[in-house]
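Asks: Got a structure here, written out as structure tokens. Questions coming.
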Amino acid sequence: MDSVLKRSDSIADSMPNALKQSRFHMKKCFARFVASGKRLMKQHHLMDDLEKTVVDKDERKKLLEGLLGYILSCTQEAAIVPPYVAFAVRPNPGFWEFVRVNADDLQVEGIEATEYLKYKENVFDEKWANDENTLEIDFGAIDFTTPRMALSSSIGNGLNFTSKILTSRLSESSHCTNPLLDYLLSLNHQGENLIIKDTLNTIPKLQQALKIAEAYVSALHKDTPYQNFEDRFKAWGFDKGWGNTAQRVKETMKMLSEVLEAPDPVKLESLFNRLPNMFNIVIFSIHGYFGQADVLGLPDTGGQVVYILDQVRAFEEELLHKIELQGLNVKPQILVVTRLIPDAKGTTCNQELEPIINTKHSHILRVPFYTENGILRQWDASAKILELMEGKPDLIIGNYTDGNLVSSLMASKLGVTQATIAHALEKTKYEDSDAKWKDFDEKYHFSSQFTADMISMNAADFIITSTFQEIAGSKDRPGQYETHTAFTMPGLCRVISGINVFDPKFNIAAPGADQTVYFPFTEKKQRLTTFHPAIEELLYNKDENEEHIGYLEDKKKPIIFSMARLDKVKNLSGLVEWYAKNKRLRSLVNLVVVGGFFNPSKSKDREETEEIKKMHFLMKEYKLQGQFRWIAAQTDRYRNGELYRCIADTKGAFVQPALYEAFGLTVIEAMNCGLPTFATNQGGPAEIIVDGVSGFHIDPHNGDESSNKIADFFEKCKIDSEHWNKMSKAGLQRINECYTWKIYANKVLNMGSIYGFWRRLNKEQTLAKERYIQMFYNLQFRNLARKVPIPSQPPQEPKPMSITPAKKPAAEAQAEKVAAPQTQLTAPPPKIEYQPTPRQLGRYGKEKLTFACTCIVLALNSKSFSFAAGMKFQVRE
């Protein structure tokens, strides 16, 4: 079908011919489109109307297989404002075209994003759509000097593209004004120069000194310590940071010489990967209860805590490794900055400074957000960060909307390289949440949230994502970031250029799973055998209780296993239904799922309640007793890791059946443990698994096909005993090559180095964008933030700091004495009933209030950056 439209043709050029293929039917079809007046139609609505109009199946098939069918298959939505139908067409990820068709005469005209958004606004707020003074946001207008990628396949490869641009800039620079030389001269740690002295202030001087130094170290034994020739290097104008041995110094100097002689993107990346430019990192994770134990399950606290703690350990390990190879005696510092919560519910969230377990130089810094006078309108962590780090950080990383906005403000204030990690952008979770923002705003404050997202993603020097699909989706579905390209919030603003997914700031760095927790089942000496009796009971005990129902009669059968939240998107009930209906699969394997509650009355989430009822119905309807085990949600990740391995002991498999999965951390966990894995082809798992090589893709919308694919695998395993081992090993190989925390940390730290250099090189463009963002922030966001209600709660005195900067040796000692890893996020959360405030109860009613999401809303005063603390209550019915 794609071949029908030539690459050089636009939709506006091609659509007239498409409509001429059957003008009679098209006149009727477009008349049907406009007959119901103003409305917004999605692709399936368009297809439904086409089916009703073109009754003849052969004629309809002919139309859909031609050019018109291709255009409609690429259409995401259409705004109907009679007599016009305005189409938003997406022929490829990242590429959008807008066309307008007159239903009366089928005249086609290409239009700009602005015009399309006006048609869309007419559906929701005609008066605002036609207001000449409507606020339009256009980040593209002040970012026109940044080079852009051109191919959909290049999206997410920003680091490589940026390295090429930097190489081109360096090639154009003269010996007198070389930005790389200026950068090298600026390198220092707490005032101590690194790499080169001011005497090597021209390219010829530097190149001559490099030749002399290279010749000298070439004559030394490769393992000669840098200290043995440090004085000689100082005399030639060199400082520390080149390497810890003669061999390492020689390699680094050769790289620099080659880059100065003939810049090359690969060599430039390799050079920056070695330069001593990254020592201190600040990570913002503001919402929820950020702690290391007993926090999972508390309000708005989940997997992000595990993600960031694993991330910190990986960063510190990589930093220590780099610093050692650089020949420096420097202690890196990583601070995770969050809110101090006086009512900590038995956790350490009321402790100001807490060492992170299994690290030497990383801490959680909690900054109070209210005092005896109530909630602070200004929440400023910068002074504390500068005090603890004894200077500016080298990199600031934000997480989620609130953390990203804080990190953007602080990075701008301090002039520091900044990255953002969205994890999940709310805009894509609710259909038309932008156009219908007024309907959601009282509950979710989307006006503030979407505005904050726009600010932080444009302010960031680089954006870290886990998958391509997170940025630009798939052929049929726009990515989370892509939905911010152009959108409208009638009555608030019209975003005609929000973010460009072809911007080289976008990068893919997939996280791993903690390999001390999720390791192969074959590693017998590492196995956590103390969990085996409990896991045996969990899987096979026939008694039903609050932790498990159903039972497995035949223990010799392999087990297919899944673990997720019990909601419609995760599709656990769908997997149970596939299994229940496939007699062949039931004869080959048992099924175990972990998720949710058993009693619908225990859940306050309507969707989860429906899924619980469906699970019970399927168990009864298909008589699954003896073949199916349902286990309640588990929070002990160490036991979960051993559970994966026990499933592998049965020669079973992991199944991830989600209708859509942004990344797929459980897929990574299962493959790490050696389980052959079947995972959804909708989202991140489609990138993690190479179908048929390192695992299998399954279609969550085709249960028969998916269940038969699983059955085929186990039938083949019965014939070929090595087939299971082959897939297990291939999955492990895929993980070790692409999805480990070590790979992630190395990628992100290298991004920090390269984008830090790009920031210096692009000062004028950066300043122009910052001014635009400041104006947008002051004139728009601050007013929205003031409208967010702040509940009043009685303050409590925070616990004193456990560690002070003046006692660093003691701090390190305390970090080393912290309890064993088992204490980390392993204990189930305490059973504490969350008590909503009277204001919440009055607004939503107790039966509708499922959780309270506390986050930071920010404000910018006229003199300096500061952070205003507000409370956002997110309610899900």
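Just remember, in the structure tokens the first chain shown is A, the second B, etc., residues are 1-based per chain, and ligands are 1-based in the order shown.
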Do you know which residues are at most 10 Å from Leu575 (chain A) counting only C-alpha atoms, after dropping those on the same chain fewer than 6 positions away, and could you put them as a list in words?

Replies: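 Answer for this query is Phe561, Ser562, Leu591, Val593, Val655, Gln656, Pro657, Ala658, Pro700, Gly703, Ser706 and Ser707 of chain A.
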
Asks: Taking C-alpha atoms for each residue, export the selection above as a JSON list (two decimals), in the first residue's frame.

Replies:
```
[["chain", "number", "residue", "atom", "x", "y", "z"],
["A", 561, "PHE", "CA", 4.15, -16.93, 34.08],
["A", 562, "SER", "CA", 3.13, -13.26, 34.05],
["A", 591, "LEU", "CA", -0.42, -20.88, 34.04],
["A", 593, "VAL", "CA", -0.19, -14.90, 37.10],
["A", 655, "VAL", "CA", 4.48, -13.90, 28.97],
["A", 656, "GLN", "CA", 3.90, -10.13, 28.80],
["A", 657, "PRO", "CA", 0.50, -9.68, 27.07],
["A", 658, "ALA", "CA", -0.06, -5.91, 27.49],
["A", 700, "PRO", "CA", -2.31, -8.81, 22.23],
["A", 703, "GLY", "CA", -5.38, -14.22, 21.39],
["A", 706, "SER", "CA", -0.64, -15.66, 20.42],
["A", 707, "SER", "CA", -1.67, -18.73, 22.43]]
```

Asks: Can you pull out the residues contacting region 194-205 of chain A? Cut-off 10 Å, using only C-alpha atoms, and skip same-chain residues under 2 positions away; I want them as a ChimeraX atom specification.

Replies: /A:174-178,180-182,184-189,191-192,207-210,233-243,260-261,275-277,326,328

Asks: Have a look at CA of Thr451 (chain A) and CA of Arg90 (chain A) and let me know their distance in Å, one decimal.

Replies: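 We find that CA of Thr451 (chain A) and CA of Arg90 (chain A) lie 24.2 Å from each other.
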
Asks: For each of A:Val85, A:Ile155, A:Leu320, A:Leu268, take the minimum atom-to-atom distance to Glu482 (chain A), counting only C-alpha atoms, then give the residue where this is smallest.

Replies: A:Ile155

Asks: Can you work out which one of A:Ser382, A:Ile631, A:Thr301, A:Ser603 has the shortest atom-to-atom distance to Ser407 (chain A), counting only C-alpha atoms?

Replies: A:Ser382

Asks: Could you tell me how far CA of Ser694 (chain A) sits from CA of Gly731 (chain A), in Å to one decimal place?

Replies: 4.4 Å

Asks: Could you please determine the separation between CA of Ala79 (chain A) and CA of Tyr119 (chain A) in Å, to one decimal place?

Replies: 6.0 Å
